[in-house]
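Student: Contents of data_12.csv (CSV, C-alpha atoms) are given next:
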chain,number,residue,atom,x,y,z
A,270,MET,CA,-42.2,20.0,2.3
A,271,GLN,CA,-39.6,19.6,-0.4
A,272,THR,CA,-37.9,16.3,-0.4
A,273,ARG,CA,-34.7,16.6,-2.5
A,274,ALA,CA,-33.1,19.7,-3.9
A,275,HIS,CA,-31.5,17.8,-6.8
A,276,GLU,CA,-30.8,14.2,-7.5
A,277,LEU,CA,-27.3,13.1,-7.0
A,278,PRO,CA,-25.8,11.3,-10.0
A,279,GLN,CA,-25.3,8.4,-7.6
A,280,SER,CA,-29.0,8.1,-7.3
A,281,LYS,CA,-29.2,7.6,-11.0
A,282,GLY,CA,-26.7,4.8,-10.8
A,283,GLN,CA,-23.4,6.5,-11.6
A,284,MET,CA,-20.3,5.1,-9.9
A,285,PHE,CA,-17.6,7.2,-8.2
A,286,VAL,CA,-14.2,6.4,-7.0
A,287,THR,CA,-13.1,8.4,-3.9
A,288,ASP,CA,-9.9,8.6,-2.0
A,289,GLY,CA,-8.5,6.5,0.9
A,290,GLY,CA,-7.8,7.8,4.4
A,291,ILE,CA,-6.4,11.3,3.9
A,292,GLU,CA,-5.7,11.8,7.6
A,293,THR,CA,-3.7,8.7,8.2
A,294,HIS,CA,-1.9,9.1,4.9
A,295,MET,CA,-0.9,12.7,5.6
A,296,ILE,CA,0.2,12.0,9.1
A,297,PHE,CA,1.9,8.6,8.9
A,298,ASN,CA,3.0,8.3,5.2
A,299,LEU,CA,3.9,12.0,4.6
A,300,GLY,CA,4.9,13.0,8.1
A,301,GLN,CA,2.6,16.0,8.4
A,302,ASP,CA,2.1,17.3,11.9
A,303,VAL,CA,-1.6,18.2,12.0
A,304,PRO,CA,-3.3,18.5,15.4
A,305,ASP,CA,-6.4,16.2,16.0
A,306,MET,CA,-6.1,15.0,12.3
A,307,SER,CA,-7.1,18.5,11.1
A,308,VAL,CA,-5.9,18.0,7.6
A,309,TYR,CA,-7.7,21.1,6.3
A,310,LEU,CA,-5.0,23.2,8.0
A,311,LEU,CA,-2.7,22.1,5.1
A,312,ASN,CA,-4.9,24.2,2.8
A,313,ARG,CA,-3.7,27.4,4.5
A,314,SER,CA,-0.1,27.3,3.1
A,315,GLU,CA,1.1,26.9,-0.5
A,316,ALA,CA,3.3,23.9,0.5
A,317,GLY,CA,0.2,22.3,2.1
A,318,ARG,CA,-1.9,22.9,-0.9
A,319,GLU,CA,0.8,21.4,-3.1
A,320,LEU,CA,0.8,18.3,-0.9
A,321,MET,CA,-3.0,18.1,-1.3
A,322,ARG,CA,-2.7,18.5,-5.1
A,323,ASP,CA,-0.2,15.6,-5.3
A,324,TYR,CA,-2.4,13.5,-3.1
A,325,TYR,CA,-5.3,13.8,-5.4
A,326,ARG,CA,-3.3,13.5,-8.7
A,327,ALA,CA,-2.6,9.9,-7.8
A,328,TYR,CA,-6.3,9.2,-8.3
A,329,ILE,CA,-6.4,10.4,-11.9
A,330,PRO,CA,-4.9,7.3,-13.5
A,331,ILE,CA,-7.0,5.1,-11.2
A,332,CYS,CA,-10.2,6.7,-12.4
A,333,GLN,CA,-9.0,6.6,-16.0
A,334,ARG,CA,-8.3,2.9,-15.8
A,335,ALA,CA,-11.6,2.1,-14.1
A,336,GLY,CA,-13.5,4.4,-16.4
A,337,GLN,CA,-15.2,6.1,-13.5
A,338,ALA,CA,-15.8,9.5,-12.1
A,339,PHE,CA,-14.2,10.8,-8.9
A,340,LEU,CA,-15.7,12.1,-5.7
A,341,PHE,CA,-13.9,14.9,-3.9
A,342,ASP,CA,-14.6,14.8,-0.2
A,343,THR,CA,-13.3,18.0,1.3
A,344,ASN,CA,-10.6,17.5,4.0
A,345,THR,CA,-12.8,19.3,6.6
A,346,TRP,CA,-13.7,16.4,8.9
A,347,ARG,CA,-12.3,18.4,11.8
A,348,ALA,CA,-13.2,21.9,10.6
A,349,SER,CA,-16.0,22.3,13.1
A,350,PRO,CA,-16.1,24.7,16.1
A,351,ASP,CA,-14.7,22.6,19.0
A,352,TRP,CA,-11.9,21.1,17.0
A,353,GLY,CA,-11.2,24.4,15.2
A,354,PHE,CA,-10.9,26.3,18.5
A,355,ARG,CA,-8.4,23.6,19.6
A,356,ALA,CA,-6.4,24.4,16.5
A,357,GLY,CA,-6.5,28.1,17.2
A,358,LEU,CA,-9.1,29.2,14.7
A,359,ASP,CA,-12.1,31.4,15.4
A,360,MET,CA,-15.6,31.1,13.8
A,361,ASP,CA,-14.8,33.5,10.9
A,362,GLU,CA,-11.5,31.6,10.1
A,363,LEU,CA,-13.3,28.3,10.3
A,364,ARG,CA,-16.0,29.5,7.9
A,365,GLU,CA,-13.2,30.7,5.5
A,366,ALA,CA,-11.4,27.3,5.9
A,367,ASN,CA,-14.5,25.4,4.9
A,368,ILE,CA,-15.1,27.6,1.9
A,369,ALA,CA,-11.5,27.4,0.9
A,370,ALA,CA,-11.6,23.6,1.1
A,371,VAL,CA,-14.4,23.5,-1.4
A,372,LYS,CA,-12.6,26.0,-3.7
A,373,PHE,CA,-9.5,23.8,-3.6
A,374,CYS,CA,-11.5,20.9,-4.8
A,375,GLN,CA,-13.1,23.0,-7.5
A,376,GLU,CA,-9.6,23.9,-8.8
A,377,MET,CA,-8.6,20.2,-8.8
A,378,GLN,CA,-11.8,19.4,-10.7
A,379,LYS,CA,-10.4,21.4,-13.6
A,380,GLU,CA,-7.3,19.2,-13.6
A,381,PHE,CA,-9.3,16.0,-13.4
A,382,ALA,CA,-11.6,17.2,-16.2
A,383,ALA,CA,-8.6,18.0,-18.4
A,384,ALA,CA,-7.5,14.4,-17.9
A,385,GLY,CA,-11.0,13.2,-18.9
A,386,VAL,CA,-12.3,12.4,-15.4
A,387,ASP,CA,-15.6,13.8,-14.3
A,388,SER,CA,-16.1,14.7,-10.6
A,389,ILE,CA,-18.4,16.0,-7.9
A,390,ILE,CA,-17.7,17.6,-4.5
A,391,SER,CA,-19.1,16.8,-1.1
A,392,GLY,CA,-18.5,19.0,1.9
A,393,VAL,CA,-17.5,16.8,4.8
A,394,LEU,CA,-18.5,17.0,8.4
A,395,GLY,CA,-17.3,14.9,11.4
A,396,PRO,CA,-18.8,14.3,14.8
A,397,ARG,CA,-18.6,17.0,17.5
A,398,ARG,CA,-16.9,14.6,19.9
A,399,ASP,CA,-15.0,11.3,19.7
A,400,ALA,CA,-15.5,9.4,16.4
A,401,TRP,CA,-14.9,6.0,17.8
A,402,GLN,CA,-16.7,6.1,21.1
A,403,TYR,CA,-20.5,6.3,21.5
A,404,ASP,CA,-21.6,9.9,22.3
A,405,ARG,CA,-24.6,9.3,24.5
A,406,ALA,CA,-24.9,13.0,25.4
A,407,MET,CA,-25.7,14.2,21.8
A,408,THR,CA,-29.2,15.5,21.1
A,409,VAL,CA,-30.8,16.5,17.8
A,410,GLU,CA,-31.0,20.2,19.0
A,411,GLU,CA,-27.3,20.2,19.9
A,412,ALA,CA,-26.4,18.8,16.5
A,413,LEU,CA,-28.5,21.4,14.8
A,414,SER,CA,-26.8,24.3,16.5
A,415,TYR,CA,-23.2,22.8,16.4
A,416,HIS,CA,-23.1,21.7,12.8
A,417,GLY,CA,-25.1,24.6,11.3
A,418,HIS,CA,-22.2,26.9,10.7
A,419,GLN,CA,-20.3,24.3,8.6
A,420,VAL,CA,-23.3,23.3,6.6
A,421,GLU,CA,-24.1,26.9,5.8
A,422,ALA,CA,-20.5,27.5,4.7
A,423,PHE,CA,-20.8,24.6,2.3
A,424,ALA,CA,-24.1,25.8,1.0
A,425,GLU,CA,-22.4,29.1,0.0
A,426,THR,CA,-19.8,27.4,-2.1
A,427,GLY,CA,-21.9,25.3,-4.5
A,428,ALA,CA,-20.7,22.0,-3.2
A,429,ASP,CA,-22.8,19.2,-4.6
A,430,TYR,CA,-23.9,17.8,-1.3
A,431,ILE,CA,-23.0,17.3,2.4
A,432,SER,CA,-21.3,14.1,3.8
A,433,ALA,CA,-21.0,13.3,7.5
A,434,TYR,CA,-18.5,10.7,8.4
A,435,THR,CA,-17.7,8.5,11.5
A,436,LEU,CA,-21.0,9.3,13.3
A,437,THR,CA,-21.5,7.2,16.4
A,438,ASN,CA,-25.1,8.0,17.3
A,439,VAL,CA,-28.5,8.6,15.8
A,440,PRO,CA,-29.3,12.2,17.1
A,441,GLU,CA,-26.3,13.7,15.5
A,442,ALA,CA,-27.1,12.0,12.2
A,443,VAL,CA,-30.7,13.3,12.4
A,444,GLY,CA,-29.6,16.8,13.2
A,445,ILE,CA,-27.2,16.9,10.2
A,446,ALA,CA,-29.9,15.5,7.9
A,447,LYS,CA,-32.3,18.2,9.0
A,448,LEU,CA,-29.8,21.0,8.5
A,449,ALA,CA,-29.1,19.7,5.0
A,450,GLN,CA,-32.8,19.5,4.3
A,451,ARG,CA,-33.3,23.1,5.5
A,452,ILE,CA,-30.9,24.5,3.0
A,453,GLY,CA,-32.0,22.1,0.3
A,454,MET,CA,-28.8,20.1,-0.1
A,455,PRO,CA,-28.6,16.4,-0.4
A,456,VAL,CA,-26.9,14.6,2.5
A,457,VAL,CA,-25.1,11.3,2.9
A,458,LEU,CA,-24.5,9.9,6.4
A,459,SER,CA,-21.8,7.4,7.4
A,460,PHE,CA,-21.6,5.6,10.7
A,461,THR,CA,-18.5,4.3,12.5
A,462,LEU,CA,-18.8,0.5,13.0
A,463,GLU,CA,-17.0,-1.7,15.6
A,464,THR,CA,-15.5,-5.1,14.8
A,465,ASP,CA,-18.9,-6.7,15.6
A,466,GLY,CA,-20.5,-4.7,12.8
A,467,ASN,CA,-22.5,-2.5,15.2
A,468,LEU,CA,-22.2,1.2,16.0
A,469,PRO,CA,-20.0,2.2,19.1
A,470,GLY,CA,-22.4,1.7,22.0
A,471,GLY,CA,-23.8,-1.5,20.4
A,472,LYS,CA,-26.7,-0.2,18.2
A,473,PRO,CA,-27.1,-2.3,15.1
A,474,LEU,CA,-26.6,-0.5,11.8
A,475,GLU,CA,-30.0,-1.5,10.6
A,476,VAL,CA,-31.6,0.1,13.6
A,477,ALA,CA,-29.6,3.3,13.2
A,478,ILE,CA,-30.5,3.7,9.5
A,479,ASN,CA,-34.2,3.0,10.2
A,480,GLU,CA,-34.3,5.4,13.1
A,481,VAL,CA,-32.7,8.2,11.0
A,482,ASP,CA,-35.0,7.5,8.0
A,483,ALA,CA,-38.1,7.5,10.3
A,484,ALA,CA,-37.0,10.9,11.9
A,485,THR,CA,-36.3,12.6,8.6
A,486,GLY,CA,-38.8,11.2,6.2
A,487,ASP,CA,-36.0,9.2,4.4
A,488,TYR,CA,-34.2,12.5,3.6
A,489,PRO,CA,-30.6,11.2,3.4
A,490,ALA,CA,-29.7,10.3,-0.2
A,491,TYR,CA,-28.0,7.2,1.1
A,492,TYR,CA,-25.8,5.9,4.0
A,493,MET,CA,-22.2,4.8,4.0
A,494,ILE,CA,-20.2,2.4,6.1
A,495,ASN,CA,-16.7,3.8,7.0
A,496,CYS,CA,-13.8,3.2,9.3
A,497,VAL,CA,-14.1,-0.6,9.5
A,498,HIS,CA,-12.5,-3.6,7.7
A,499,PRO,CA,-14.9,-5.6,5.4
A,500,ILE,CA,-14.5,-8.7,7.6
A,501,HIS,CA,-16.3,-6.8,10.3
A,502,PHE,CA,-19.6,-6.1,8.5
A,503,ALA,CA,-19.9,-8.8,5.7
A,504,GLU,CA,-22.1,-11.0,7.9
A,505,THR,CA,-24.2,-8.0,9.0
A,506,VAL,CA,-25.1,-7.1,5.4
A,507,ARG,CA,-25.4,-10.7,4.3
A,508,HIS,CA,-28.5,-11.1,6.5
A,509,GLY,CA,-29.9,-7.6,6.0
A,510,GLY,CA,-33.3,-6.4,4.8
A,511,ARG,CA,-34.5,-3.3,3.1
A,512,TRP,CA,-31.9,-1.1,5.0
A,513,VAL,CA,-29.1,-2.8,3.0
A,514,ASN,CA,-30.4,-1.0,-0.1
A,515,ARG,CA,-29.8,2.3,1.7
A,516,ILE,CA,-26.1,1.7,1.7
A,517,GLY,CA,-24.6,3.7,-1.1
A,518,GLY,CA,-20.9,3.8,-0.3
A,519,LEU,CA,-18.0,2.1,1.5
A,520,ARG,CA,-14.8,3.7,2.9
A,521,VAL,CA,-13.1,0.7,4.5
A,522,ASN,CA,-10.1,0.4,6.8
A,523,ALA,CA,-6.9,-1.3,5.7
A,524,SER,CA,-6.5,-2.9,9.1
A,525,LYS,CA,-8.5,-5.6,10.8
A,526,MET,CA,-7.6,-4.1,14.2
A,527,SER,CA,-10.2,-2.6,16.4
A,528,HIS,CA,-10.4,1.2,16.9
A,529,ALA,CA,-8.8,0.8,20.4
A,530,GLU,CA,-5.9,-1.2,18.9
A,531,LEU,CA,-5.5,1.3,16.0
A,532,ASP,CA,-5.6,4.2,18.5
A,533,ASN,CA,-2.7,2.7,20.5
A,534,SER,CA,-0.6,1.8,17.5
A,535,PRO,CA,2.5,4.0,16.9
A,536,THR,CA,2.7,2.9,13.3
A,537,LEU,CA,0.2,2.6,10.5
A,538,ASP,CA,-1.2,-0.8,9.7
A,539,ILE,CA,-1.7,-0.7,5.9
A,540,GLY,CA,-3.0,-4.3,6.0
A,541,ASP,CA,-2.8,-6.7,3.0
A,542,ILE,CA,-3.7,-4.7,0.0
A,543,THR,CA,-4.6,-7.6,-2.3
A,544,ASP,CA,-6.6,-9.3,0.4
A,545,LEU,CA,-8.5,-6.1,1.1
A,546,ALA,CA,-9.4,-5.7,-2.6
A,547,GLN,CA,-10.6,-9.3,-2.7
A,548,ARG,CA,-12.7,-8.9,0.4
A,549,TYR,CA,-14.2,-5.7,-1.0
A,550,ALA,CA,-15.1,-7.5,-4.2
A,551,ARG,CA,-16.9,-10.2,-2.1
A,552,VAL,CA,-18.9,-7.8,-0.1
A,553,LEU,CA,-20.0,-5.6,-3.1
A,554,PRO,CA,-22.6,-8.1,-4.4
A,555,LEU,CA,-24.3,-8.0,-1.0
A,556,LEU,CA,-24.8,-4.2,-1.4
A,557,PRO,CA,-26.7,-3.7,-4.7
A,558,ASN,CA,-26.8,0.1,-4.4
A,559,ILE,CA,-23.1,0.8,-3.8
A,560,ARG,CA,-22.1,3.9,-5.9
A,561,VAL,CA,-19.0,5.2,-4.0
A,562,ILE,CA,-15.9,3.1,-3.6
A,563,GLY,CA,-13.2,4.4,-1.2
A,564,GLY,CA,-11.1,3.9,1.9
A,565,CYS,CA,-10.6,5.1,5.4
A,566,CYS,CA,-7.9,4.6,8.0
A,567,GLY,CA,-4.6,3.2,6.7
A,568,THR,CA,-5.7,3.2,3.0
A,569,ASP,CA,-4.2,5.3,0.2
A,570,HIS,CA,-4.1,5.3,-3.6
A,571,ARG,CA,-2.4,1.9,-3.6
A,572,HIS,CA,-5.4,0.3,-1.8
A,573,ILE,CA,-8.0,2.2,-3.9
A,574,GLY,CA,-6.1,1.3,-7.1
A,575,ALA,CA,-6.2,-2.4,-6.2
A,576,ILE,CA,-9.8,-2.3,-5.2
A,577,CYS,CA,-10.8,-0.7,-8.5
A,578,ASN,CA,-8.7,-3.2,-10.5
A,579,THR,CA,-10.5,-6.0,-8.7
A,580,CYS,CA,-14.0,-4.6,-8.5
A,581,LEU,CA,-14.3,-2.5,-11.6
A,582,PRO,CA,-12.2,-4.4,-14.2
A,583,GLY,CA,-12.2,-2.5,-17.4
A,584,SER,CA,-15.6,-1.0,-16.9
A,585,HIS,CA,-15.2,1.9,-19.3
A,586,HIS,CA,-18.4,3.9,-19.2
A,587,HIS,CA,-18.4,6.8,-21.6
A,588,HIS,CA,-21.0,9.4,-20.8
Taking this structure as input, can you express it in the form of structure tokens?

Tutor:
Amino acid sequence: MQTRAHELPQSKGQMFVTDGGIETHMIFNLGQDVPDMSVYLLNRSEAGRELMRDYYRAYIPICQRAGQAFLFDTNTWRASPDWGFRAGLDMDELREANIAAVKFCQEMQKEFAAAGVDSIISGVLGPRRDAWQYDRAMTVEEALSYHGHQVEAFAETGADYISAYTLTNVPEAVGIAKLAQRIGMPVVLSFTLETDGNLPGGKPLEVAINEVDAATGDYPAYYMINCVHPIHFAETVRHGGRWVNRIGGLRVNASKMSHAELDNSPTLDIGDITDLAQRYARVLPLLPNIRVIGGCCGTDHRHIGAICNTCLPGSHHHH
């Protein structure tokens, strides 16, 4: 049984800056009407692609200042069958959309490289059902059949690895890890956390990570925490054991609100940018293997810039 196809640069200790919350930024800050947060639909028009280019260009000076590489996460969190059908796409169009999202990032990579910024690309998956409520119906088998198409599309494109965000349950995470293992791609898994630092449904993060590792022979390259404010998980990781070393990335929310509160909010809570950066800096020493620094709901290049200034002051690494 092969374990890892190729080592990710993160595993060798390289740091990456990634973006903030692309969905909330496009919808609330830029007024884009995308159904179900399906931002990948923007890639289908020249105007949409230009919006995406501008979106990423804001990260070039941030990476230059921090002396770090950039991680392109494709905007395909909703580019899976159920959500795609709701947006009017069929399976072929969805496959093309996932491939096109990687190609878009590959084009942007040239622009970043010309500015002296190295980068890698991860193909992004999201959960089949709600990203903020526990999905008790999901099984490993269902995850294998549901997410297989998207994973195969990414494998065709030469994306560096697969990332799955806002997972609420262990079986879906296990299924996605097994799919990645089958095609020999590294995989990174990220769970949604509630304000108490546990997964929706109440499972502690430690238990979820240990269960997925046990079911997959530790196949995931690492785990991430996303869609939660640092105040909601600082205590959890402060008292953590071995599992804390499996956390390799953070995509935090700008807001301290719960998912239910955010859901019912007609406006975007961008939080306190300086405070967020300082809290990020305080939680980083508790997570020795963090290699990816980014944001989730409500965050944009302003938050990421502030976080990098605070957490990566003048760390100019030249490779």

Student: Using only C-alpha atoms, which residue out of A:Asp465, A:Asp429, A:Asp359, A:Glu319 lies closest to Phe502 of chain A?

Tutor: A:Asp465

Student: Please report the interatomic distance between atom CA of Gln375 of chain A and atom CA of Ile516 of chain A in Å with one decimal.

Tutor: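 These atoms are spaced 26.6 Å apart.
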
Student: Compare A:Val439, A:Val521, A:Leu531, A:Ala369 by their minimum atom-to-atom distance to Lys472 of chain A, counting only C-alpha atoms, and give me the closest one.

Tutor: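 Nearest candidate to Lys472 of chain A out of A:Val439, A:Val521, A:Leu531, A:Ala369: A:Val439.
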
Student: Write out as JSON, numbers by chain each polymer residue whose atoms come within 6 Å of segment 286-294 of chain A, counting all atoms listed in the file; drop sequence neighbours fewer than 4 positions from it.

Tutor: {"A": [298, 306, 339, 340, 561, 562, 563, 564, 565, 566, 567, 568, 569]}

Student: Rounded to one decimal in Å, what is the spacing between atom CA of Ala550 of chain A and atom CA of Thr579 of chain A?

Tutor: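 Atom CA of Thr579 of chain A lies 6.6 Å from atom CA of Ala550 of chain A.
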
Student: Would you pick out the contacts of Trp346 of chain A at 8 Å or less, using only C-alpha atoms, so that residues sharing its chain but fewer than 6 positions from it are not included, and give the list as JSON, numbers by chain?

Tutor: {"A": [307, 393, 394, 395, 434]}

Student: Between A:Leu555, A:Met454, A:Ile390, A:Val443, which one has atoms that come closest to Ala483 of chain A, using all atoms listed in the file?

Tutor: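 Distance minimum relative to Ala483 of chain A lands on A:Val443.
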
Student: Write out as a PyMOL selection string each polymer residue whose atoms come within 9 Å of Gly574 of chain A, counting only C-alpha atoms; drop sequence neighbours fewer than 3 positions from it.

Tutor: chain A and resi 328+330-332+335+546+569-571+577-579

Student: From the list A:Ala338, A:Ile431, A:Leu462, A:Val409, which residue is nearest Thr485 of chain A when using only C-alpha atoms?

Tutor: A:Val409

Student: With distances taken over all atoms listed in the file, which of A:Val552, A:Ala424, A:Leu310, A:Ala356 is nearest to Arg507 of chain A?

Tutor: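 Among the listed residues, the smallest separation from Arg507 of chain A belongs to A:Val552.
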
Student: In Å, with one decimal, what is the gap from atom CA of Phe423 of chain A to atom CA of His572 of chain A?

Tutor: 29.1 Å
